[in-house]
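Student: See model21.csv below, with CSV, C-alpha atoms.
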```csv
chain,number,residue,atom,x,y,z
W,1,MET,CA,0.0,0.0,0.0
W,2,ASN,CA,1.4,3.4,-1.0
W,3,VAL,CA,1.0,6.1,1.7
W,4,PRO,CA,0.9,9.7,0.4
W,5,TRP,CA,3.6,11.9,1.6
W,6,SER,CA,2.2,14.3,4.2
W,7,GLY,CA,5.1,16.9,4.1
W,8,GLY,CA,5.3,16.7,7.9
W,9,ALA,CA,1.7,18.0,8.4
W,10,ALA,CA,0.3,17.6,11.9
W,11,PRO,CA,-2.4,14.9,12.4
W,12,GLN,CA,-5.9,16.1,11.7
W,13,ALA,CA,-7.8,16.9,14.9
W,14,PRO,CA,-10.6,14.4,15.6
W,15,VAL,CA,-14.2,15.5,14.8
W,16,PHE,CA,-16.6,15.4,17.6
W,17,SER,CA,-20.4,15.6,18.0
W,18,ALA,CA,-22.2,16.4,21.2
W,19,VAL,CA,-25.3,15.2,23.0
W,20,VAL,CA,-26.7,17.6,25.6
W,21,LEU,CA,-28.9,16.0,28.3
W,22,ALA,CA,-31.6,18.5,29.0
W,23,ALA,CA,-34.6,16.2,29.8
W,24,GLY,CA,-34.3,16.0,33.6
W,25,MET,CA,-37.0,17.0,36.1
W,26,SER,CA,-35.0,19.3,38.3
W,27,SER,CA,-36.4,17.3,41.3
W,28,ARG,CA,-34.0,18.9,43.8
W,29,MET,CA,-34.7,22.5,42.7
W,30,GLN,CA,-37.8,23.1,44.9
W,31,GLY,CA,-40.2,23.5,42.1
W,32,GLN,CA,-38.0,25.5,39.7
W,33,HIS,CA,-36.7,24.2,36.4
W,34,LYS,CA,-32.9,24.7,36.8
W,35,LEU,CA,-32.2,24.9,33.1
W,36,LEU,CA,-34.5,27.9,32.7
W,37,LEU,CA,-33.0,29.9,35.6
W,38,PRO,CA,-31.2,33.1,34.6
W,39,VAL,CA,-27.4,32.8,34.6
W,40,GLY,CA,-25.4,35.8,33.3
W,41,GLY,CA,-28.5,37.3,31.7
W,42,GLU,CA,-29.7,34.2,29.8
W,43,PRO,CA,-31.3,30.8,30.7
W,44,ALA,CA,-28.8,28.3,32.1
W,45,VAL,CA,-29.3,25.9,29.3
W,46,ARG,CA,-28.6,28.5,26.7
W,47,ARG,CA,-25.4,29.5,28.4
W,48,THR,CA,-24.2,25.9,28.4
W,49,VAL,CA,-25.1,25.2,24.8
W,50,SER,CA,-23.7,28.5,23.5
W,51,ALA,CA,-20.3,27.5,25.0
W,52,LEU,CA,-20.5,24.1,23.4
W,53,VAL,CA,-21.4,25.7,20.0
W,54,ALA,CA,-18.3,27.9,20.2
W,55,ALA,CA,-16.2,24.7,20.7
W,56,GLY,CA,-16.9,23.7,17.1
W,57,PRO,CA,-18.6,20.3,17.2
W,58,ALA,CA,-19.9,18.8,13.9
W,59,GLU,CA,-23.3,18.5,15.4
W,60,ILE,CA,-25.2,19.1,18.7
W,61,VAL,CA,-28.3,17.1,19.6
W,62,VAL,CA,-30.2,18.4,22.7
W,63,VAL,CA,-32.4,15.8,24.4
W,64,THR,CA,-35.6,17.2,25.8
W,65,GLY,CA,-38.2,15.8,28.1
W,66,PHE,CA,-39.5,17.7,31.2
W,67,HIS,CA,-40.7,21.1,30.1
W,68,GLY,CA,-39.3,20.3,26.7
W,69,ARG,CA,-41.0,23.1,24.8
W,70,ALA,CA,-39.6,25.8,27.2
W,71,VAL,CA,-36.1,24.3,26.8
W,72,MET,CA,-36.4,24.5,23.0
W,73,GLU,CA,-37.6,28.1,23.2
W,74,ALA,CA,-34.6,29.0,25.4
W,75,LEU,CA,-32.3,27.7,22.7
W,76,ASP,CA,-34.1,29.4,19.8
W,77,GLY,CA,-31.6,30.5,17.1
W,78,LEU,CA,-28.7,28.2,18.1
W,79,PRO,CA,-27.5,25.6,15.6
W,80,VAL,CA,-28.8,22.5,17.4
W,81,ARG,CA,-31.2,19.7,16.7
W,82,PHE,CA,-33.7,18.5,19.3
W,83,GLN,CA,-34.6,14.9,20.2
W,84,ALA,CA,-37.5,14.3,22.5
W,85,ASN,CA,-37.2,11.5,25.0
W,86,PRO,CA,-40.6,10.2,26.0
W,87,ARG,CA,-38.9,8.0,28.6
W,88,TYR,CA,-37.1,10.7,30.4
W,89,GLU,CA,-38.7,9.8,33.8
W,90,GLU,CA,-36.9,6.4,33.6
W,91,GLY,CA,-33.5,8.1,34.1
W,92,GLN,CA,-30.5,9.6,32.3
W,93,MET,CA,-29.5,6.5,30.5
W,94,THR,CA,-32.6,6.8,28.3
W,95,SER,CA,-31.7,10.3,27.3
W,96,VAL,CA,-28.1,9.3,26.5
W,97,ALA,CA,-29.4,6.5,24.2
W,98,ALA,CA,-32.0,8.8,22.5
W,99,GLY,CA,-29.4,11.5,21.9
W,100,VAL,CA,-26.7,9.2,20.5
W,101,ALA,CA,-29.3,7.5,18.2
W,102,ALA,CA,-30.2,10.9,16.8
W,103,LEU,CA,-26.7,11.9,15.8
W,104,ALA,CA,-26.4,12.0,12.0
W,105,ALA,CA,-23.1,13.9,11.1
W,106,PRO,CA,-19.9,11.8,10.7
W,107,CYS,CA,-17.6,12.1,13.7
W,108,ASP,CA,-14.9,10.3,15.6
W,109,ILE,CA,-15.9,11.2,19.2
W,110,VAL,CA,-19.2,11.6,21.0
W,111,LEU,CA,-19.2,14.1,23.9
W,112,VAL,CA,-22.1,13.5,26.4
W,113,CYS,CA,-22.8,16.8,28.1
W,114,LEU,CA,-24.9,17.9,31.1
W,115,ALA,CA,-27.0,21.0,30.4
W,116,ASP,CA,-26.5,22.4,33.8
W,117,GLN,CA,-22.7,22.8,33.8
W,118,VAL,CA,-22.9,26.5,33.2
W,119,LEU,CA,-19.3,27.2,34.3
W,120,LEU,CA,-17.8,25.3,31.3
W,121,THR,CA,-16.4,27.4,28.5
W,122,ALA,CA,-15.7,26.6,24.8
W,123,GLU,CA,-12.0,26.2,25.9
W,124,ASP,CA,-13.0,23.6,28.5
W,125,TYR,CA,-14.8,21.5,25.9
W,126,ARG,CA,-11.8,21.8,23.5
W,127,GLU,CA,-9.5,20.8,26.4
W,128,LEU,CA,-11.4,17.4,26.5
W,129,ILE,CA,-11.2,16.8,22.8
W,130,ASP,CA,-7.5,17.7,22.8
W,131,ALA,CA,-6.9,15.4,25.8
W,132,TYR,CA,-8.8,12.6,24.0
W,133,ALA,CA,-6.6,13.0,20.9
W,134,ALA,CA,-3.5,12.9,23.0
W,135,MET,CA,-4.5,9.9,25.1
W,136,PRO,CA,-1.7,7.3,25.3
W,137,ARG,CA,-4.4,4.5,25.5
W,138,GLY,CA,-8.1,3.9,25.6
W,139,SER,CA,-11.2,5.0,23.8
W,140,ILE,CA,-13.2,6.6,26.7
W,141,LEU,CA,-12.2,9.8,28.5
W,142,VAL,CA,-13.5,10.9,31.8
W,143,PRO,CA,-12.5,14.2,33.3
W,144,ALA,CA,-11.6,14.5,37.0
W,145,PHE,CA,-10.5,17.0,39.6
W,146,LYS,CA,-8.7,15.9,42.7
W,147,GLY,CA,-9.9,12.3,42.3
W,148,GLN,CA,-13.6,13.2,41.7
W,149,ARG,CA,-14.9,12.2,38.3
W,150,GLY,CA,-16.9,14.6,36.3
W,151,ASN,CA,-18.5,15.4,32.9
W,152,PRO,CA,-18.7,15.6,30.0
W,153,VAL,CA,-17.6,12.0,29.1
W,154,ALA,CA,-16.0,11.5,25.6
W,155,PHE,CA,-16.1,8.2,23.9
W,156,SER,CA,-15.3,6.7,20.5
W,157,VAL,CA,-18.2,6.7,18.1
W,158,SER,CA,-17.6,2.9,17.8
W,159,TYR,CA,-19.5,2.6,21.1
W,160,ALA,CA,-22.6,4.2,19.6
W,161,ALA,CA,-24.5,1.0,18.9
W,162,GLU,CA,-23.9,-0.2,22.5
W,163,VAL,CA,-25.0,3.1,23.9
W,164,ILE,CA,-28.2,3.1,21.8
W,165,SER,CA,-29.1,-0.4,22.9
W,166,GLY,CA,-28.8,0.7,26.5
W,167,HIS,CA,-26.0,-1.5,27.5
W,168,ILE,CA,-23.8,1.5,28.5
W,169,ASN,CA,-24.7,4.6,30.4
W,170,PRO,CA,-22.0,7.2,29.7
W,171,GLY,CA,-21.2,9.5,32.6
W,172,CYS,CA,-21.7,6.9,35.3
W,173,ARG,CA,-19.7,4.1,36.9
W,174,LYS,CA,-21.3,1.4,34.7
W,175,LEU,CA,-19.4,2.7,31.6
W,176,ILE,CA,-16.1,2.5,33.5
W,177,ALA,CA,-17.0,-0.9,35.0
W,178,GLU,CA,-17.8,-2.5,31.6
W,179,HIS,CA,-14.7,-1.1,29.8
W,180,PRO,CA,-12.1,-0.5,32.5
W,181,ASP,CA,-9.2,-1.1,30.1
W,182,GLU,CA,-10.5,1.6,27.7
W,183,VAL,CA,-11.0,4.4,30.3
W,184,PHE,CA,-8.5,7.2,30.5
W,185,ILE,CA,-8.9,9.7,33.4
W,186,HIS,CA,-8.1,13.3,32.4
W,187,GLU,CA,-7.0,15.1,35.5
W,188,ALA,CA,-8.0,18.7,35.1
W,189,VAL,CA,-6.4,21.7,37.0
W,190,HIS,CA,-9.8,23.2,37.7
W,191,ASP,CA,-13.2,22.0,39.1
W,192,ARG,CA,-15.5,23.0,36.3
W,193,PHE,CA,-15.9,19.5,35.0
W,194,THR,CA,-17.0,18.3,38.4
W,195,THR,CA,-19.4,21.2,39.1
W,196,ASP,CA,-23.1,21.2,38.2
W,197,MET,CA,-26.3,22.7,39.4
W,198,ASP,CA,-28.8,20.4,41.3
W,199,THR,CA,-30.1,22.5,44.2
W,200,PRO,CA,-30.9,26.2,44.9
W,201,GLU,CA,-27.7,26.4,46.9
W,202,ASP,CA,-25.7,25.1,43.8
W,203,TYR,CA,-27.4,27.8,41.7
W,204,GLU,CA,-26.5,30.6,44.1
W,205,ARG,CA,-22.9,29.4,44.1
W,206,MET,CA,-22.8,29.3,40.3
W,207,VAL,CA,-24.1,32.8,39.9
W,208,ALA,CA,-21.7,34.1,42.5
W,209,ARG,CA,-18.7,32.4,40.8
W,210,LEU,CA,-19.7,33.8,37.4
W,211,ALA,CA,-20.0,37.3,38.9
W,212,GLU,CA,-16.4,37.1,40.0
W,213,ARG,CA,-15.1,36.3,36.5
W,214,PRO,CA,-13.4,39.2,34.6
W,215,PRO,CA,-15.4,40.4,31.6
W,216,VAL,CA,-14.5,38.8,28.2
W,217,LEU,CA,-13.1,41.5,25.9
W,218,ALA,CA,-14.4,41.7,22.4
W,219,ARG,CA,-11.8,40.7,19.7
```
Please express what this file holds, its structure, as structure tokens.
Tutor:
Amino acid sequence: MNVPWSGGAAPQAPVFSAVVLAAGMSSRMQGQHKLLLPVGGEPAVRRTVSALVAAGPAEIVVVTGFHGRAVMEALDGLPVRFQANPRYEEGQMTSVAAGVAALAAPCDIVLVCLADQVLLTAEDYRELIDAYAAMPRGSILVPAFKGQRGNPVAFSVSYAAEVISGHINPGCRKLIAEHPDEVFIHEAVHDRFTTDMDTPEDYERMVARLAERPPVLAR
């Protein structure tokens, strides 16, 4: 087999697509829908998805369920596709399967994202993709901070059929347990991958942290 001369060009970066889990019932939010709460002047879910859009995925599928219409309206105008999950009350695994099944664009990596990780930036998502591309081994990447595992989880698109069939639940211990030799832990230098928003107290902390950030200067 003849291999074309590359002229020393760097390897092409892997293409990734993203599934955003936005179907949950916010059961610990004391009656409020956490994804619709204002964060930095916009709904929390819009802040999360906007950062992901800026990271440059091939495709974003947002899985909806609880208050799905309101979530869709909060994301109006963003380049995403929506996938309703009628089984959202059965747990996160059903949303993961629905979202991965809805992916259509060719990609190398699937990134399964939580819609309430409002601290994450486009650079954070790119950090995970770059870390995946540089992994010395494995086909599943899990971010961590000081030993605590977090999200998003990145995995090879070759797992898509297993995920869709429900045998794997990315983002939980079952994924790691079923493929321990394929898991690589990316130890981050910040806690944003391990920080989400489940309670009113979490929400207050998120808003306070974002208020402390310096403003982003226009380029």
Student: What's the 10 Å shell around stretch 65-74 of chain W, counting all atoms listed in the file, without same-chain residues fewer than 2 positions away, as a PyMOL selection string?
Tutor: chain W and resi 21-26+33+35-36+42-47+62-63+76-78+80-89+95
Student: Within 10 Å of W:Glu187, counting only C-alpha atoms, which residues show up once you throw out same-chain ones fewer than 5 positions away? Write them as a PDB file with C-alpha atoms, keeping the file's coordinate frame, please.
Tutor:
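Below you can see selection_33.pdb, which holds the result:
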```pdb
ATOM      1  CA  ALA W 131      -6.900  15.400  25.800  1.00  0.00           C
ATOM      2  CA  VAL W 142     -13.500  10.900  31.800  1.00  0.00           C
ATOM      3  CA  PRO W 143     -12.500  14.200  33.300  1.00  0.00           C
ATOM      4  CA  ALA W 144     -11.600  14.500  37.000  1.00  0.00           C
ATOM      5  CA  PHE W 145     -10.500  17.000  39.600  1.00  0.00           C
ATOM      6  CA  LYS W 146      -8.700  15.900  42.700  1.00  0.00           C
ATOM      7  CA  GLY W 147      -9.900  12.300  42.300  1.00  0.00           C
ATOM      8  CA  GLN W 148     -13.600  13.200  41.700  1.00  0.00           C
ATOM      9  CA  ARG W 149     -14.900  12.200  38.300  1.00  0.00           C
ATOM     10  CA  GLY W 150     -16.900  14.600  36.300  1.00  0.00           C
ATOM     11  CA  PHE W 193     -15.900  19.500  35.000  1.00  0.00           C
TER      12      PHE W 193
END
```
Student: Given the choices W:Ile164, W:Asp198, W:Pro14, W:Ser156, which gets closest to W:Glu182 if the distance is worked out from only C-alpha atoms?
Tutor: W:Ser156
Student: Any idea what the distance is between atom CA of W:Phe184 and atom CA of W:Asp124?
Tutor: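 Taking atom CA of W:Phe184 as the start and atom CA of W:Asp124 as the end point, the length is 17.1 Å.
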Student: Given the point (-17.4, 19.5, 20.4) in the file's coordinates, find the residues that have an atom at most 12 Å from it, counting only C-alpha atoms, and give them as a ChimeraX atom specification.
Tutor: /W:13-20,49-61,107-113,121-130,132,152-155
Student: Hey, can you spit out that residue selection with C-alpha atoms as a short mmCIF file (atom, residue, chain, number, x, y, z; two decimals), in the coordinates of the input?
Tutor:
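File written: selection.cif
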```cif
data_model
loop_
_atom_site.label_atom_id
_atom_site.label_comp_id
_atom_site.auth_asym_id
_atom_site.auth_seq_id
_atom_site.Cartn_x
_atom_site.Cartn_y
_atom_site.Cartn_z
CA ALA W 13 -7.80 16.90 14.90
CA PRO W 14 -10.60 14.40 15.60
CA VAL W 15 -14.20 15.50 14.80
CA PHE W 16 -16.60 15.40 17.60
CA SER W 17 -20.40 15.60 18.00
CA ALA W 18 -22.20 16.40 21.20
CA VAL W 19 -25.30 15.20 23.00
CA VAL W 20 -26.70 17.60 25.60
CA VAL W 49 -25.10 25.20 24.80
CA SER W 50 -23.70 28.50 23.50
CA ALA W 51 -20.30 27.50 25.00
CA LEU W 52 -20.50 24.10 23.40
CA VAL W 53 -21.40 25.70 20.00
CA ALA W 54 -18.30 27.90 20.20
CA ALA W 55 -16.20 24.70 20.70
CA GLY W 56 -16.90 23.70 17.10
CA PRO W 57 -18.60 20.30 17.20
CA ALA W 58 -19.90 18.80 13.90
CA GLU W 59 -23.30 18.50 15.40
CA ILE W 60 -25.20 19.10 18.70
CA VAL W 61 -28.30 17.10 19.60
CA CYS W 107 -17.60 12.10 13.70
CA ASP W 108 -14.90 10.30 15.60
CA ILE W 109 -15.90 11.20 19.20
CA VAL W 110 -19.20 11.60 21.00
CA LEU W 111 -19.20 14.10 23.90
CA VAL W 112 -22.10 13.50 26.40
CA CYS W 113 -22.80 16.80 28.10
CA THR W 121 -16.40 27.40 28.50
CA ALA W 122 -15.70 26.60 24.80
CA GLU W 123 -12.00 26.20 25.90
CA ASP W 124 -13.00 23.60 28.50
CA TYR W 125 -14.80 21.50 25.90
CA ARG W 126 -11.80 21.80 23.50
CA GLU W 127 -9.50 20.80 26.40
CA LEU W 128 -11.40 17.40 26.50
CA ILE W 129 -11.20 16.80 22.80
CA ASP W 130 -7.50 17.70 22.80
CA TYR W 132 -8.80 12.60 24.00
CA PRO W 152 -18.70 15.60 30.00
CA VAL W 153 -17.60 12.00 29.10
CA ALA W 154 -16.00 11.50 25.60
CA PHE W 155 -16.10 8.20 23.90
#
```
